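*Asks:* Sending over target.cif (mmCIF, C-alpha atoms).
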data_query
loop_
_atom_site.label_atom_id
_atom_site.label_comp_id
_atom_site.auth_asym_id
_atom_site.auth_seq_id
_atom_site.Cartn_x
_atom_site.Cartn_y
_atom_site.Cartn_z
CA MET A 1 -4.82 -27.77 68.85
CA GLN A 2 -7.12 -30.43 67.43
CA GLY A 3 -10.73 -29.33 67.56
CA ASN A 4 -13.93 -31.25 68.00
CA LEU A 5 -14.99 -31.62 64.39
CA LEU A 6 -18.64 -32.27 65.22
CA GLY A 7 -19.18 -28.90 66.91
CA TYR A 8 -17.22 -26.52 64.68
CA ASP A 9 -14.59 -26.26 62.01
CA SER A 10 -11.32 -27.05 63.80
CA ASN A 11 -9.50 -24.51 61.61
CA LEU A 12 -11.51 -21.76 63.27
CA LEU A 13 -10.23 -22.81 66.68
CA ARG A 14 -6.69 -23.40 65.45
CA GLY A 15 -6.46 -19.88 64.09
CA ASN A 16 -7.50 -18.40 67.42
CA THR A 17 -5.71 -20.65 69.89
CA ASP A 18 -2.86 -18.18 70.34
CA SER A 19 -5.25 -15.39 71.26
CA MET A 20 -7.23 -17.55 73.70
CA LEU A 21 -4.13 -18.75 75.52
CA LEU A 22 -2.59 -15.28 75.65
CA PHE A 23 -5.81 -13.74 76.91
CA LEU A 24 -6.19 -16.23 79.74
CA ILE A 25 -2.53 -15.99 80.72
CA GLN A 26 -2.77 -12.20 80.78
CA GLU A 27 -5.94 -12.27 82.83
CA HIS A 28 -4.35 -14.37 85.57
CA GLY A 29 -0.92 -12.77 85.48
CA GLU A 30 0.48 -16.25 85.06
CA SER A 31 -1.03 -19.65 84.35
CA TYR A 32 -0.14 -23.24 83.45
CA GLY A 33 -1.25 -25.77 80.84
CA TYR A 34 -3.77 -27.76 82.82
CA ARG A 35 -5.51 -24.69 84.17
CA LEU A 36 -5.66 -23.09 80.72
CA ILE A 37 -7.35 -26.16 79.23
CA ARG A 38 -9.87 -26.37 82.04
CA GLU A 39 -10.63 -22.71 81.73
CA ILE A 40 -11.17 -22.81 77.97
CA GLU A 41 -13.56 -25.73 78.40
CA ASP A 42 -15.38 -24.10 81.33
CA ARG A 43 -15.73 -20.66 79.75
CA SER A 44 -16.94 -22.11 76.45
CA GLN A 45 -19.34 -24.33 78.45
CA GLY A 46 -17.74 -27.42 76.99
CA PHE A 47 -17.99 -26.22 73.37
CA PHE A 48 -14.25 -26.12 72.86
CA ARG A 49 -12.85 -29.54 73.63
CA PHE A 50 -9.51 -30.69 72.37
CA LYS A 51 -6.80 -33.18 73.11
CA GLU A 52 -5.13 -31.78 76.20
CA GLY A 53 -1.60 -32.74 75.14
CA THR A 54 -1.81 -30.41 72.17
CA VAL A 55 -1.88 -27.27 74.33
CA TYR A 56 1.81 -27.69 75.17
CA PRO A 57 3.11 -27.43 71.59
CA ALA A 58 0.90 -24.32 71.26
CA LEU A 59 2.44 -22.84 74.43
CA ARG A 60 5.92 -23.75 73.17
CA LYS A 61 5.23 -21.90 69.94
CA LEU A 62 4.15 -18.81 71.89
CA GLU A 63 7.31 -19.07 73.97
CA ASN A 64 9.52 -19.43 70.88
CA GLU A 65 7.94 -16.32 69.43
CA GLY A 66 8.65 -14.39 72.63
CA LEU A 67 4.97 -13.86 73.42
CA VAL A 68 5.08 -15.71 76.75
CA GLN A 69 7.81 -16.72 79.14
CA GLY A 70 7.72 -20.00 81.04
CA ALA A 71 9.32 -20.89 84.37
CA TRP A 72 9.15 -23.91 86.67
CA LYS A 73 7.78 -23.52 90.16
CA ARG A 74 7.64 -25.96 93.01
CA LEU A 75 4.43 -25.76 95.01
CA ASP A 76 4.21 -26.22 98.78
CA SER A 77 2.75 -29.66 98.09
CA GLY A 78 5.99 -30.59 96.33
CA GLN A 79 4.33 -30.66 92.92
CA GLU A 80 6.12 -28.93 90.06
CA ARG A 81 4.43 -26.85 87.41
CA ARG A 82 5.58 -24.73 84.53
CA TYR A 83 3.92 -21.32 84.70
CA TYR A 84 3.63 -18.93 81.76
CA ARG A 85 3.57 -15.14 81.89
CA ILE A 86 2.75 -12.85 78.99
CA THR A 87 5.56 -10.62 77.73
CA ALA A 88 5.28 -7.02 76.50
CA ARG A 89 5.43 -8.35 72.95
CA GLY A 90 2.68 -10.82 73.78
CA ARG A 91 0.47 -8.04 75.16
CA GLU A 92 0.92 -6.03 71.96
CA PHE A 93 0.20 -9.10 69.82
CA LEU A 94 -2.94 -9.84 71.85
CA ARG A 95 -4.16 -6.25 71.61
CA LYS A 96 -3.96 -6.38 67.81
CA LYS A 97 -5.56 -9.83 67.64
CA LEU A 98 -8.47 -8.79 69.87
CA ALA A 99 -9.10 -5.66 67.82
CA MET A 100 -8.99 -7.74 64.64
CA TRP A 101 -11.36 -10.33 66.11
CA GLN A 102 -13.84 -7.70 67.27
CA ASN A 103 -13.90 -6.06 63.84
CA PHE A 104 -14.29 -9.43 62.15
CA ASN A 105 -17.05 -10.46 64.54
CA ALA A 106 -18.90 -7.18 64.02
CA ALA A 107 -18.65 -7.48 60.23
CA MET A 108 -19.88 -11.10 60.30
CA GLY A 109 -22.75 -10.01 62.57
CA LEU A 110 -23.79 -7.37 60.04
CA ILE A 111 -23.73 -9.85 57.19
CA PHE A 112 -25.69 -12.53 59.05
CA SER A 113 -28.34 -10.15 60.39
CA PRO A 114 -31.66 -9.99 58.50
CA SER A 115 -31.52 -7.33 55.80
CA GLY A 116 -34.85 -5.87 56.85
CA GLY A 117 -35.89 -5.34 53.26
CA MET B 1 5.50 -43.19 88.43
CA ILE B 2 2.39 -45.02 87.27
CA PRO B 3 3.50 -47.60 84.63
CA GLU B 4 0.87 -46.57 82.06
CA ILE B 5 1.96 -42.92 82.27
CA ARG B 6 5.63 -43.90 82.06
CA SER B 7 4.93 -46.00 78.99
CA TYR B 8 2.89 -43.19 77.40
CA LEU B 9 5.62 -40.61 78.01
CA ASN B 10 8.23 -43.00 76.63
CA GLU B 11 6.19 -43.20 73.46
CA VAL B 12 5.95 -39.39 73.28
CA ARG B 13 9.71 -39.26 73.73
CA ALA B 14 10.24 -41.63 70.80
CA HIS B 15 8.63 -38.99 68.53
CA LEU B 16 10.32 -35.92 70.01
CA ASN B 17 13.80 -36.06 68.41
CA LEU B 18 15.02 -33.20 70.58
CA GLU B 19 18.04 -32.62 72.78
CA PRO B 20 17.93 -34.76 75.95
CA GLN B 21 17.79 -31.62 78.12
CA THR B 22 14.83 -30.25 76.15
CA GLU B 23 13.11 -33.64 76.12
CA ARG B 24 13.40 -33.72 79.91
CA ARG B 25 11.71 -30.34 80.23
CA VAL B 26 8.91 -31.27 77.84
CA LEU B 27 8.19 -34.63 79.47
CA ALA B 28 8.30 -33.18 82.97
CA GLU B 29 5.61 -30.69 81.98
CA LEU B 30 3.42 -33.37 80.40
CA TYR B 31 3.89 -35.56 83.46
CA SER B 32 2.89 -32.69 85.76
CA HIS B 33 -0.33 -32.28 83.76
CA LEU B 34 -1.19 -35.99 83.77
CA ARG B 35 -0.42 -36.31 87.47
CA GLU B 36 -2.72 -33.40 88.28
CA LYS B 37 -5.51 -34.78 86.13
CA VAL B 38 -5.26 -38.25 87.68
CA ASP B 39 -5.28 -36.75 91.20
CA GLU B 40 -8.34 -34.69 90.37
CA LEU B 41 -10.22 -37.66 88.92
CA GLU B 42 -9.32 -39.78 91.95
CA LEU B 43 -10.56 -37.04 94.28
CA SER B 44 -13.87 -37.14 92.45
CA GLY B 45 -14.17 -40.80 93.42
CA ARG B 46 -12.85 -42.60 90.32
CA PRO B 47 -10.55 -45.61 90.88
CA GLU B 48 -6.87 -45.10 89.97
CA GLN B 49 -6.81 -47.31 86.86
CA ASP B 50 -9.93 -45.62 85.55
CA SER B 51 -8.49 -42.16 86.24
CA VAL B 52 -5.23 -42.97 84.47
CA ARG B 53 -7.07 -44.33 81.45
CA GLU B 54 -9.29 -41.24 81.29
CA ALA B 55 -6.33 -38.85 81.72
CA LEU B 56 -4.36 -40.53 78.92
CA SER B 57 -7.34 -40.75 76.63
CA SER B 58 -8.13 -37.03 76.96
CA PHE B 59 -4.47 -36.13 76.45
CA GLY B 60 -4.37 -37.35 72.84
CA SER B 61 -2.19 -39.91 71.10
CA ALA B 62 1.48 -39.97 72.10
CA ARG B 63 2.44 -39.82 68.45
CA LEU B 64 0.41 -36.64 67.86
CA VAL B 65 1.72 -34.89 70.98
CA GLY B 66 5.31 -35.90 70.13
CA ARG B 67 4.99 -34.75 66.53
CA LEU B 68 3.40 -31.38 67.37
CA THR B 69 6.03 -30.73 70.06
CA TYR B 70 8.84 -31.57 67.64
CA GLU B 71 7.38 -29.18 65.09
CA ALA B 72 7.04 -26.40 67.69
CA PHE B 73 10.73 -26.74 68.53
CA SER B 74 12.33 -27.50 65.22
CA GLN B 75 10.88 -25.06 62.71
CA GLY B 76 13.31 -22.21 62.11
CA SER B 77 12.45 -18.76 60.77
CA TRP B 78 13.27 -17.68 57.22
CA LEU B 79 16.26 -15.78 58.63
CA GLU B 80 17.56 -18.95 60.28
CA ALA B 81 17.03 -20.84 57.03
CA LEU B 82 19.08 -18.22 55.19
CA ILE B 83 21.83 -18.33 57.83
CA SER B 84 21.87 -22.12 57.49
CA ALA B 85 22.37 -21.85 53.71
CA GLN B 86 25.01 -19.13 54.04
CA PRO B 87 28.19 -21.26 54.37
CA HIS B 88 27.21 -23.30 51.31
CA LEU B 89 26.53 -20.09 49.40
CA ILE B 90 29.99 -18.80 50.37
CA ALA B 91 31.48 -22.07 49.08
CA THR B 92 29.41 -21.76 45.89
CA ALA B 93 30.75 -18.25 45.34
CA LEU B 94 34.34 -19.38 45.98
CA PHE B 95 34.06 -22.05 43.28
CA LEU B 96 32.05 -20.00 40.78
CA THR B 97 34.60 -17.18 40.89
CA HIS B 98 37.54 -19.65 41.15
CA PHE B 99 38.64 -17.59 44.17
CA TRP B 100 39.28 -20.75 46.18
CA ARG B 101 42.64 -20.84 44.39
CA ARG B 102 43.66 -17.58 46.07
CA PRO B 103 45.05 -18.48 49.51
CA ALA B 104 43.97 -15.17 51.08
CA PHE B 105 40.34 -15.59 50.00
CA LEU B 106 40.25 -19.25 50.96
CA ALA B 107 41.84 -18.64 54.38
CA GLY B 108 39.63 -15.60 55.03
CA SER B 109 36.45 -17.51 54.16
CA LEU B 110 37.42 -20.51 56.28
CA ALA B 111 38.33 -18.23 59.22
CA LEU B 112 34.94 -16.51 58.94
CA LEU B 113 33.14 -19.84 58.83
CA ALA B 114 35.13 -21.24 61.77
CA ALA B 115 34.61 -18.11 63.90
CA THR B 116 30.85 -18.09 63.28
CA THR B 117 30.65 -21.81 64.07
CA CYS B 118 32.54 -21.37 67.36
CA LEU B 119 30.35 -18.41 68.40
CA ALA B 120 27.14 -20.31 67.60
CA TRP B 121 28.47 -23.39 69.40
CA LEU B 122 29.09 -21.34 72.53
CA ARG B 123 25.72 -19.56 72.31
CA GLY B 124 23.12 -22.28 72.44
CA LYS B 125 23.91 -24.40 69.36
CA PRO B 126 21.01 -23.31 67.14
CA ASN B 127 19.86 -25.69 64.41
CA TRP B 128 21.52 -23.67 61.65
CA LEU B 129 24.92 -24.23 63.28
CA PHE B 130 25.30 -27.74 61.91
CA SER B 131 25.59 -26.71 58.27
CA TRP B 132 28.39 -24.32 59.32
CA ALA B 133 30.16 -26.99 61.37
CA SER B 134 30.98 -28.92 58.16
CA TYR B 135 33.34 -26.12 57.17
CA VAL B 136 35.42 -26.54 60.30
CA LEU B 137 35.68 -30.27 59.62
CA ILE B 138 36.37 -30.09 55.86
CA PRO B 139 39.73 -28.20 55.98
CA LEU B 140 40.99 -30.31 58.88
CA LEU B 141 40.04 -33.59 57.20
CA ALA B 142 41.42 -32.40 53.86
CA ALA B 143 44.73 -31.38 55.51
CA ALA B 144 44.88 -34.72 57.32
CA TYR B 145 44.30 -36.58 54.03
CA VAL B 146 46.79 -34.54 52.00
CA SER B 147 49.52 -34.91 54.65
CA ARG B 148 49.21 -38.69 54.91
CA ARG B 149 52.44 -39.31 52.91
CA LEU B 150 54.42 -37.14 55.30
CA ALA B 151 53.04 -39.07 58.23
CA GLY B 152 53.80 -42.32 56.43
CA GLN B 153 57.44 -41.31 55.91
CA ALA B 154 57.81 -40.36 59.57
CA LEU B 155 56.26 -43.62 60.73
CA LEU B 156 58.45 -45.62 58.35
CA TYR B 157 61.55 -43.98 59.82
CA LEU B 158 60.30 -44.53 63.36
CA LEU B 159 59.41 -48.18 62.90
CA GLN B 160 61.98 -49.40 60.37
CA GLY B 161 64.68 -46.71 60.38
CA GLN B 162 64.18 -46.02 56.65
CA GLY B 163 64.20 -42.51 55.16
CA GLU B 164 65.21 -39.15 56.54
CA PRO B 165 65.38 -38.59 60.32
CA SER B 166 64.11 -35.05 59.75
CA SER B 167 60.71 -36.52 58.83
CA LEU B 168 60.21 -37.24 62.52
CA TRP B 169 59.66 -33.54 63.17
CA ALA B 170 56.44 -33.72 61.20
CA LEU B 171 55.04 -36.44 63.40
CA LEU B 172 54.07 -34.26 66.35
CA PRO B 173 52.00 -31.63 64.49
CA LEU B 174 50.53 -34.30 62.23
CA GLY B 175 49.56 -36.42 65.23
CA GLY B 176 47.90 -33.34 66.69
CA LEU B 177 46.10 -32.66 63.41
CA TYR B 178 44.78 -36.22 63.15
CA ALA B 179 43.71 -36.29 66.80
CA LEU B 180 41.99 -32.90 66.51
CA SER B 181 40.22 -33.85 63.27
CA PHE B 182 39.01 -37.15 64.68
CA TRP B 183 37.93 -35.61 67.98
CA LEU B 184 36.05 -32.76 66.29
CA LEU B 185 34.31 -35.14 63.88
CA VAL B 186 33.19 -37.43 66.70
CA ALA B 187 32.26 -34.59 69.09
CA ALA B 188 30.27 -32.64 66.48
CA THR B 189 28.50 -35.77 65.21
CA THR B 190 27.65 -36.90 68.75
CA ARG B 191 26.33 -33.46 69.60
CA ALA B 192 24.22 -33.27 66.45
CA LEU B 193 22.92 -36.80 67.01
CA SER B 194 21.85 -35.95 70.54
CA LYS B 195 19.71 -33.18 69.04
CA ASP B 196 18.38 -34.74 65.84
CA TRP B 197 19.92 -37.16 63.35
CA VAL B 198 18.67 -34.95 60.52
CA LEU B 199 21.05 -32.23 61.71
CA ALA B 200 23.92 -34.73 61.90
CA SER B 201 23.15 -35.79 58.35
CA LEU B 202 23.03 -32.16 57.23
CA MET B 203 26.44 -31.59 58.81
CA LEU B 204 28.06 -34.67 57.26
CA LEU B 205 26.50 -34.37 53.79
CA PRO B 206 29.19 -32.06 52.30
CA LEU B 207 32.00 -34.44 53.35
CA PRO B 208 31.75 -37.13 50.62
CA SER B 209 31.56 -34.70 47.70
CA THR B 210 34.33 -32.53 49.10
CA GLY B 211 36.35 -35.67 49.83
CA ILE B 212 36.03 -36.84 46.22
CA TRP B 213 37.01 -33.38 45.05
CA VAL B 214 40.11 -33.27 47.29
CA PHE B 215 41.04 -36.76 46.09
CA HIS B 216 40.80 -35.71 42.43
CA VAL B 217 42.52 -32.38 42.90
CA GLU B 218 45.36 -34.07 44.72
CA ARG B 219 45.59 -36.85 42.13
CA LEU B 220 45.83 -34.25 39.38
CA ALA B 221 48.57 -32.52 41.32
CA PRO B 222 51.27 -31.37 41.73
CA LEU B 223 48.43 -29.33 42.51
CA LEU B 224 47.23 -26.25 40.78
CA PRO B 225 48.85 -26.07 37.33
CA VAL B 226 47.11 -29.21 36.00
CA VAL B 227 43.78 -28.38 37.64
CA SER B 228 43.84 -24.93 36.11
CA LEU B 229 43.91 -26.49 32.64
CA ASP B 230 40.24 -27.30 33.06
CA PRO B 231 39.06 -25.08 35.87
CA GLN B 232 35.45 -24.82 34.81
CA ARG B 233 34.63 -28.50 34.86
CA TRP B 234 35.42 -29.05 38.53
CA ASP B 235 34.69 -25.58 39.84
CA PHE B 236 31.23 -25.41 38.30
CA ALA B 237 30.45 -28.91 39.48
CA MET B 238 31.52 -28.05 43.04
CA ALA B 239 29.55 -24.79 42.90
CA ALA B 240 26.51 -26.87 41.90
CA VAL B 241 27.13 -29.28 44.80
CA PHE B 242 27.21 -26.44 47.31
CA LEU B 243 24.19 -24.75 45.78
CA VAL B 244 22.21 -27.99 46.20
CA LEU B 245 23.45 -28.18 49.81
CA ALA B 246 22.37 -24.57 50.40
CA VAL B 247 18.84 -25.38 49.23
CA VAL B 248 18.70 -28.56 51.34
CA SER B 249 19.97 -26.75 54.47
CA ALA B 250 17.51 -23.90 54.15
CA LEU B 251 14.58 -26.26 53.60
CA VAL B 252 15.52 -28.58 56.46
CA VAL B 253 15.68 -25.64 58.87
CA ARG B 254 12.54 -23.97 57.60
CA LEU B 255 10.20 -26.92 57.05
CA ARG B 256 7.90 -27.73 59.94
CA GLN B 257 7.03 -31.37 59.44
CA ARG B 258 9.70 -33.94 60.12
CA VAL B 259 8.67 -36.18 57.25
CA LEU B 260 9.23 -33.29 54.83
CA LYS B 261 12.63 -32.49 56.36
CA VAL B 262 13.79 -36.09 55.97
CA GLY B 263 12.29 -36.39 52.47
CA THR B 264 13.99 -33.18 51.33
CA LEU B 265 17.33 -34.21 52.78
CA LEU B 266 17.32 -37.64 51.21
CA ALA B 267 15.68 -36.79 47.89
CA ILE B 268 17.45 -33.56 46.99
CA GLY B 269 20.73 -34.87 48.47
CA SER B 270 20.81 -38.04 46.36
CA ILE B 271 19.27 -36.64 43.16
CA GLY B 272 21.51 -33.57 43.40
CA ALA B 273 24.59 -35.76 43.84
CA ALA B 274 23.65 -37.85 40.80
CA ALA B 275 23.06 -34.72 38.72
CA VAL B 276 26.42 -33.25 39.70
CA ALA B 277 28.17 -36.59 39.06
CA ARG B 278 26.65 -36.57 35.58
CA SER B 279 28.04 -33.10 34.91
CA ILE B 280 31.55 -34.22 35.91
CA TRP B 281 31.61 -37.63 34.28
CA ASN B 282 29.61 -37.23 31.09
CA GLU B 283 30.09 -40.89 30.21
CA LEU B 284 28.48 -42.06 33.48
CA SER B 285 25.79 -44.68 32.78
CA LEU B 286 22.34 -44.84 34.35
CA ILE B 287 23.57 -47.56 36.72
CA GLY B 288 26.50 -45.33 37.70
CA LEU B 289 24.14 -42.45 38.41
CA ALA B 290 21.87 -44.68 40.46
CA ALA B 291 24.91 -45.92 42.38
CA VAL B 292 26.00 -42.35 43.20
CA GLY B 293 22.47 -41.47 44.30
CA LEU B 294 22.19 -44.57 46.46
CA LEU B 295 25.61 -44.01 48.03
CA VAL B 296 24.66 -40.49 49.07
CA LEU B 297 21.28 -41.74 50.24
CA GLY B 298 22.97 -44.37 52.42
CA PHE B 299 25.44 -41.82 53.76
CA ALA B 300 22.69 -39.31 54.60
CA TRP B 301 20.66 -42.07 56.26
CA SER B 302 23.53 -43.45 58.37
CA PRO B 303 23.08 -40.93 61.25
CA ALA B 304 19.50 -42.24 61.64
CA LEU B 305 20.87 -45.73 62.27
CA LEU B 306 23.41 -44.39 64.76
CA ARG B 307 20.67 -42.43 66.54
CA ALA B 308 18.42 -45.49 66.72
CA ARG B 309 21.27 -47.50 68.22
CA ARG B 310 22.01 -44.80 70.78
CA GLY B 311 18.33 -44.44 71.62
CA GLN B 312 18.13 -48.11 72.58
CA MET B 313 21.00 -47.71 75.01
CA GLU B 314 19.87 -44.44 76.64
CA PRO B 315 18.38 -44.74 80.12
CA GLU B 316 15.10 -43.05 81.00
CA SER B 317 16.95 -39.93 82.06
CA TRP B 318 13.81 -37.81 81.57
CA LEU B 319 12.53 -39.08 84.90
CA GLU B 320 14.86 -36.62 86.63
CA GLU B 321 13.41 -33.29 87.69
CA PRO B 322 13.73 -30.30 85.32
CA GLU B 323 17.14 -28.67 85.69
CA GLU B 324 15.57 -25.26 86.33
CA LEU B 325 14.43 -26.67 89.67
CA SER B 326 17.43 -28.77 90.56
#
Translate the structure of the given file into structure tokens.

*Replies:*
Amino acid sequence: MQGNLLGYDSNLLRGNTDSMLLFLIQEHGESYGYRLIREIEDRSQGFFRFKEGTVYPALRKLENEGLVQGAWKRLDSGQERRYYRITARGREFLRKKLAMWQNFNAAMGLIFSPSGG
Amino acid sequence: MIPEIRSYLNEVRAHLNLEPQTERRVLAELYSHLREKVDELELSGRPEQDSVREALSSFGSARLVGRLTYEAFSQGSWLEALISAQPHLIATALFLTHFWRRPAFLAGSLALLAATTCLAWLRGKPNWLFSWASYVLIPLLAAAYVSRRLAGQALLYLLQGQGEPSSLWALLPLGGLYALSFWLLVAATTRALSKDWVLASLMLLPLPSTGIWVFHVERLAPLLPVVSLDPQRWDFAMAAVFLVLAVVSALVVRLRQRVLKVGTLLAIGSIGAAAVARSIWNELSLIGLAAVGLLVLGFAWSPALLRARRGQMEPESWLEEPEELS
């Protein structure tokens, strides 16, 4: 996904897009592109903003890697949406990524905290 | 459908270069998103034109979305890249060891290549399939070329009554061989073109060099005794041709960006052909080398022209609903 270059280094977001999408999909049981984008923007209080069309290649990549599974559904309103569910492999991938992120975050926190000396 | 959205999705489609069925699925999903966004903006009180403009603007450029989607679909794993190079490596080994002269080895290798191609064709036509498909076409086309005199004799007897009547017996199997070869060539090329012209080019690339080789081998015939006088010259050159093809195939499958795939195909294909031509014809001048390179370049590029022509004629079939729902 293409990040907002003014707010943060877009490479930081790009490296964590997979985890964000997987986490949100897992949390809802299943989700779709539009909702995922809205949720990322809402949860980050507008910090993460990106071109919405770029979420679909990211979802496709996750699907190709067997981390999510997509299926079309027709809603009562007649509208069609492609919903994504996390797979067992995706859950395992997410678990490792979250652990890695937490360790990384903790280590960065230690470095950036005042030394006290 | 709102004209601006239709036009936007058409532009995305122009950068997708995927199978029509896959393109339909991708565009249907993008349309679903845009429709929902426009509806939401309209509900919040924005006029339709304004909502459409906002929805398209926040979606990103059609070129970017098309390119990223293509990359998500078309990049193969290292294993797929290796599988794609495999038939060329088998051919390289056959020429390096001179085993292509042993009918059992040659037949066994071709049977293995044909069986793998058929299995892959029936199971989803992965991108690596198209480098294997060449090896179903090559023996058929070579057999059709070598048997042309037999067919000529039969036709001469049929049309003018000259020659042996027994030559007529050859006409039926030869007719079948020509029809099968032509049909397979057209069907495989059409199929590859519907996916991506780069794959069609990858499939057709071994044909000119193998064709020149068959032509020379046959001209030096009655076949093997004369060729075996200088086995290394041709066999090493052909091994080099197939090694170059193996590298090109693996890179085309593995590379993510389309521009790199096309660049690799055209650059390594034409430079490799010129280098191999130089090893066969030592006396070949610089102009000759450039001509060989340009010929291969033109040949490798020709599927792109065919694809562009087909693309102009294709209707907007992506407007249909995704087949998973229909």

*Asks:* Where does chain B meet chain A within 7 Å, residue by residue, with the nearest atom pair and distance in Å to one decimal for each, counting only C-alpha atoms, listed by chain and rising number, as a Markdown table?

*Replies:*
| residue | atom | partner | partner_atom | distance |
| --- | --- | --- | --- | --- |
| B:Glu29 | CA | A:Arg82 | CA | 6.5 |
| B:Ser32 | CA | A:Arg81 | CA | 6.3 |
| B:His33 | CA | A:Tyr34 | CA | 5.8 |
| B:Ser58 | CA | A:Lys51 | CA | 5.6 |
| B:Phe59 | CA | A:Glu52 | CA | 4.4 |
| B:Gly60 | CA | A:Lys51 | CA | 4.8 |
| B:Val65 | CA | A:Gly53 | CA | 5.7 |
| B:Leu68 | CA | A:Pro57 | CA | 5.8 |
| B:Thr69 | CA | A:Pro57 | CA | 4.7 |
| B:Ala72 | CA | A:Lys61 | CA | 5.3 |
| B:Glu324 | CA | A:Trp72 | CA | 6.6 |
| B:Leu325 | CA | A:Trp72 | CA | 6.7 |

*Asks:* Here is a test: counting all atoms listed in the file, which residue of A:Asp76, A:Gln45, A:Leu36, A:Leu94 is nearest to Leu22 in chain A?

*Replies:*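 So, comparing all the options, the nearest one is A:Leu94.
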
*Asks:* With the PyMOL selection byres ((chain B and resi 2) around 10) as the selection, what would be picked from this file? Answer as a list in words, please.

*Replies:* Met1, Pro3, Glu4, Ile5, Arg6, Ser7, Arg35, Glu48, Gln49 and Val52 of chain B

*Asks:* Compare B:Ile268, B:Val276, B:Ala62, B:Leu43 by their minimum atom-to-atom distance to Asp235 in chain B, counting all atoms listed in the file, and give me the closest one.

*Replies:*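 Residue with the minimum atom-to-atom distance to Asp235 in chain B: B:Val276.
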
*Asks:* Would you mind telling me which residue in B:Met238, B:Leu94, B:Ala154, B:Leu243 lies nearest to Ala107 in chain B when using all atoms listed in the file?

*Replies:*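 Of B:Met238, B:Leu94, B:Ala154, B:Leu243, the one nearest Ala107 in chain B is B:Leu94, counting all atoms listed in the file.
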
*Asks:* Tell me, as a ChimeraX atom specification, which residues lie within 8 Å of Arg91 in chain A, counting all atoms listed in the file; anything in the same chain fewer than 3 positions away does not count.

*Replies:* /A:22,26,67,86-88,94-95

*Asks:* Write a file of the selected residues as an mmCIF file, in the frame of the given file, keeping C-alpha atoms.

*Replies:*
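Contents of again-v8.cif, freshly written:
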data_model
loop_
_atom_site.group_PDB
_atom_site.id
_atom_site.type_symbol
_atom_site.label_atom_id
_atom_site.label_comp_id
_atom_site.auth_asym_id
_atom_site.auth_seq_id
_atom_site.Cartn_x
_atom_site.Cartn_y
_atom_site.Cartn_z
ATOM 1 C CA LEU A 22 -2.590 -15.280 75.650
ATOM 2 C CA GLN A 26 -2.770 -12.200 80.780
ATOM 3 C CA LEU A 67 4.970 -13.860 73.420
ATOM 4 C CA ILE A 86 2.750 -12.850 78.990
ATOM 5 C CA THR A 87 5.560 -10.620 77.730
ATOM 6 C CA ALA A 88 5.280 -7.020 76.500
ATOM 7 C CA LEU A 94 -2.940 -9.840 71.850
ATOM 8 C CA ARG A 95 -4.160 -6.250 71.610
#

*Asks:* Have a look at B:Leu174, B:Leu122, B:Ala14, B:Trp78 and name the one nearest to Arg307 in chain B; count all atoms listed in the file.

*Replies:*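 Checking each of B:Leu174, B:Leu122, B:Ala14, B:Trp78 against Arg307 in chain B, counting all atoms listed in the file, the winner is B:Ala14.
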
*Asks:* Evaluating the PyMOL selection byres ((chain A and resi 20) around 12) on the displayed file yields which residues, as an MDAnalysis selection string?

*Replies:* chainID A and resid 1 13:19 21:27 36:37 39:41 43:44 48 55 58:59 62 90 93:95 97:98 101

*Asks:* List the spatial neighbours of Phe105 in chain B as a list in words - criterion: any atom at most 12 Å away, all atoms listed in the file, same-chain residues fewer than 4 positions off excluded.

*Replies:* Ile90, Ala91, Ala93, Leu94, Phe95, Thr97, His98, Phe99, Trp100, Arg101, Ser109, Leu110, Ala111 and Leu112 of chain B

*Asks:* Check what the PyMOL selection byres ((chain B and resi 192) around 10) selects in the file above and give those residues as a PyMOL selection string.

*Replies:* chain B and resi 19+125+127+129-130+186-191+193-203+303+307

*Asks:* For CA of Arg258 in chain B and CA of Gln69 in chain A, quote the distance in Å rounded to one decimal.

*Replies:*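 CA of Gln69 in chain A lies at a distance of 25.7 Å from CA of Arg258 in chain B.
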
*Asks:* Please compute the CA of Ala104 in chain B-CA of Trp213 in chain B distance, one decimal, in Å.

*Replies:*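 About the pair CA of Ala104 in chain B and CA of Trp213 in chain B: they are 20.4 Å apart.
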
*Asks:* Would you pick out the contacts of Ala277 in chain B at 8 Å or less, using only C-alpha atoms, so that residues sharing its chain but fewer than 6 positions from it are not included, and give the list as a PyMOL selection string?

*Replies:* chain B and resi 284+289+292

*Asks:* Identify, on the basis of all atoms listed in the file, every residue whose closest approach to Val296 in chain B does not exceed 12 Å; exclude the query and any residue fewer than 5 positions from it along the same chain; express the result as a list in words.

*Replies:*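 The neighbour list is Ser201, Leu202, Leu204, Leu205, Pro206, Leu207, Pro208, Ser209, Leu265, Leu266, Ala267, Ile268, Gly269, Ser270, Ile271, Gly272, Ala273, Ala274, Ala275, Val276, Ala277, Leu289, Ala290, Ala291, Trp301 and Ser302 of chain B.
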
*Asks:* Kindly give the distance, in Å, that separates CA of Leu180 in chain B and CA of Val244 in chain B, rounded to a single decimal.

*Replies:*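 So the answer is 28.8 Å.
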